[in-house]
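Reading through the structure tokens given below for one structure.
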Amino acid sequence: MDIRQLRYFVTLAETRHFGQAAGLLHIAQPALSQQIKQLEDELQVELLDRSTRPVGLTPAGIALLREGREILSKVARAEALTRQESRKDGGRLVIGVTGTAALEFAGPVLRAFGKRRPNVQISLREMSSPDQLAALERGDIHIGFVRPPVEDERISIRLVHTEPFCVALPADHPQAQRDSIRLAELNGTSLVIFARDEAPGFRDLMLHVCRSAGYVPKTIQDAPQMTTMLCLVGGGFGCALVPVSARHLAIPGVVYRPLLDYSPLVELYAAWMPDKHAPFISELLDVSEKVQISTS
């Protein structure tokens with residue numbers, strides 16, 4: 001039995017209604033039913049009398065409700081005291097960030113947060129978006145800055161930044177002397193792009209932009225990270241569609257040019273687990289919304 005299961009049971013026992021309890025817990029009703037059944041199986045007792053409306057409690061359920069309320073009260077007090085002491089002593093915030101977000105977004109946000117909370121120790125970890133989502137679930141990071149999609153309903157997200165695409169070209173490419181480029185003018189040039197397992201949503205967005213603009217690459221070359229992509233571009237293996245923040249990476253043999261094609265903006269989301277009550281997340285989100293990031 002874990003704290004989450006106990007919280008689910010107490011909420012259900014107090015409402016005596018699966019639908020209402022699921023709404024209060026912000027989970028689907030079948031998921032709540034599954035968790036309660038799993039709890040009963042682990043304890044090897046029946047906690048609910050499901051033959052009545054509203055749902056009743058068995059003697060075992062009444063006992064667990066009484067003890068569960070007390071346990072959850074102590075947990076809440078422990079969390080509050082921990083956060084209070086963390087604010088006194090500074091505390092620590094572990095942040096995940098994608099490589100592209102680290103280039104332009106993370107610096108100004110962390111600088112502003114540091115001015116507000118100078119005693120908080122920041123641990124910054126560069127990770128792919130899928131790796132960040134897994135790290136959030138494990139509790140290895142408190143908050144991540146990820147590219148969509150985020151399909152896990154347990155994870156809260158908030159849009160914090162957008163930026164346009166540009167194209168990265170080998171410096172000796174015939175189109176590299178142009179001030180700006182239409183992607184269709186690159187037909188016959190190979191495309192260097194994120195590997196699907198590293199950034200599936202980002203990859204799909206890039207391919208959508210290319211198709212919409214009428215760009216048909218000669219070949220597609222996968223790469224795991226932004227720096228690897230740009231090194232391949234600099235080596236003459238193709239062009240790459242990248243966020244404009246990538247222009248801060250001065251890779252030998254690579255030039256960046258604005259796109260004349262219309263394309264959707266590249267989105268960056270803050271992602272966190274609301275049930276883990278990590279300190280300072282609300283303040284970091286507030287800072288993220290207030291800091292103005294230039295994409296010019």
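So you can find residues: chains in the structure tokens are A, B, ... in the order shown, residues in each start at 1, and ligands are numbered from 1 in order.
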Please, which residues in stretch 159-193 of chain A fall within 12 Å of stretch 147-153 of chain A when counting only C-alpha atoms, and what is the closest atom pair and distance in Å to one decimal for each, ordered by chain then residue number, as CSV?
```
residue,atom,partner,partner_atom,distance
A:Leu159,CA,A:Arg147,CA,9.7
A:Val160,CA,A:Arg147,CA,10.7
A:His161,CA,A:Arg147,CA,10.2
A:Thr162,CA,A:Arg147,CA,10.3
A:Glu163,CA,A:Arg147,CA,11.9
```
Go ahead and save the picked residues with all heavy atoms, as a tab-separated table (two decimals), in the first residue's frame.
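Output (selection33.tsv):
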```tsv
chain	number	residue	atom	x	y	z
A	159	LEU	N	2.54	25.74	-21.46
A	159	LEU	CA	3.31	26.32	-22.55
A	159	LEU	C	4.09	27.53	-22.02
A	159	LEU	O	3.51	28.44	-21.43
A	159	LEU	CB	2.39	26.75	-23.69
A	159	LEU	CG	3.05	27.39	-24.91
A	159	LEU	CD1	3.95	26.39	-25.62
A	159	LEU	CD2	1.98	27.92	-25.87
A	160	VAL	N	5.41	27.54	-22.24
A	160	VAL	CA	6.24	28.62	-21.70
A	160	VAL	C	7.02	29.37	-22.76
A	160	VAL	O	7.53	30.47	-22.49
A	160	VAL	CB	7.23	28.08	-20.63
A	160	VAL	CG1	6.48	27.60	-19.39
A	160	VAL	CG2	8.11	26.97	-21.18
A	161	HIS	N	7.14	28.81	-23.98
A	161	HIS	CA	7.97	29.49	-24.97
A	161	HIS	C	7.64	28.96	-26.36
A	161	HIS	O	7.33	27.78	-26.53
A	161	HIS	CB	9.46	29.24	-24.67
A	161	HIS	CG	10.40	29.94	-25.59
A	161	HIS	ND1	10.40	31.30	-25.80
A	161	HIS	CD2	11.41	29.45	-26.39
A	161	HIS	CE1	11.35	31.63	-26.66
A	161	HIS	NE2	11.97	30.53	-27.03
A	162	THR	N	7.70	29.85	-27.34
A	162	THR	CA	7.57	29.44	-28.75
A	162	THR	C	8.65	30.17	-29.55
A	162	THR	O	9.09	31.26	-29.18
A	162	THR	CB	6.19	29.79	-29.33
A	162	THR	OG1	5.98	31.21	-29.26
A	162	THR	CG2	5.08	29.06	-28.58
A	163	GLU	N	9.06	29.55	-30.65
A	163	GLU	CA	10.03	30.18	-31.54
A	163	GLU	C	9.86	29.60	-32.93
A	163	GLU	O	9.37	28.48	-33.10
A	163	GLU	CB	11.46	29.95	-31.04
A	163	GLU	CG	11.85	28.50	-30.89
A	163	GLU	CD	13.26	28.34	-30.36
A	163	GLU	OE1	14.18	28.92	-30.97
A	163	GLU	OE2	13.44	27.61	-29.36
```
### Message
Need to verify the contact set: A:Leu191, 7 Å, only C-alpha atoms, exclusion of same-chain residues closer than 2 positions in sequence. Can you return it as a count of residues only?
### Response
9
Worksheet item: Which polymer residues have any atom within 9 Å of an atom of A:Leu72, counting only C-alpha atoms, with same-chain residues fewer than 3 positions away left out, as a list in words?
Response: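 Within the cut-off, the hits are Ile3, Leu6, Arg7, Val10, Glu67, Gly68, Arg69, Val75, Ala76 and Arg77 of chain A.
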Take the residues from that selection and write them out as a short mmCIF file (atom, residue, chain, number, x, y, z; two decimals), in the first residue's frame, keeping N, CA, C and O atoms.
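Wrote again-v6.cif, looks like this:
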```
data_model
loop_
_atom_site.label_atom_id
_atom_site.label_comp_id
_atom_site.auth_asym_id
_atom_site.auth_seq_id
_atom_site.Cartn_x
_atom_site.Cartn_y
_atom_site.Cartn_z
N ILE A 3 1.08 5.76 -0.52
CA ILE A 3 0.33 6.96 -0.14
C ILE A 3 -0.72 7.32 -1.18
O ILE A 3 -1.83 7.74 -0.85
N LEU A 6 -3.67 5.12 -0.74
CA LEU A 6 -4.39 5.51 0.48
C LEU A 6 -5.20 6.77 0.26
O LEU A 6 -6.35 6.88 0.70
N ARG A 7 -4.62 7.73 -0.46
CA ARG A 7 -5.35 8.97 -0.75
C ARG A 7 -6.57 8.68 -1.63
O ARG A 7 -7.65 9.25 -1.42
N VAL A 10 -9.27 7.03 0.70
CA VAL A 10 -9.90 7.97 1.64
C VAL A 10 -10.87 8.90 0.89
O VAL A 10 -11.98 9.17 1.37
N GLU A 67 -7.64 5.19 10.10
CA GLU A 67 -6.18 5.26 10.15
C GLU A 67 -5.62 6.06 8.96
O GLU A 67 -4.63 6.79 9.10
N GLY A 68 -6.28 5.92 7.80
CA GLY A 68 -5.81 6.61 6.61
C GLY A 68 -5.87 8.11 6.75
O GLY A 68 -4.96 8.82 6.31
N ARG A 69 -6.95 8.61 7.35
CA ARG A 69 -7.06 10.06 7.57
C ARG A 69 -5.91 10.56 8.43
O ARG A 69 -5.31 11.62 8.16
N VAL A 75 1.30 13.05 6.75
CA VAL A 75 2.07 13.24 5.53
C VAL A 75 2.00 14.69 5.08
O VAL A 75 3.01 15.30 4.69
N ALA A 76 0.80 15.27 5.10
CA ALA A 76 0.63 16.66 4.69
C ALA A 76 1.44 17.59 5.60
O ALA A 76 2.06 18.55 5.13
N ARG A 77 1.44 17.28 6.90
CA ARG A 77 2.21 18.11 7.84
C ARG A 77 3.71 17.97 7.56
O ARG A 77 4.45 18.97 7.58
#
```
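The coordinates place atom CA of A:Arg257 at 7.8 Å from atom CA of A:Arg178.
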**Q.** Contact residues around A:Trp272 with only C-alpha atoms at 6 Å, ignoring same-chain residues under 2 positions, as a VMD selection string
**A.** chain A and resid 143 155 to 156
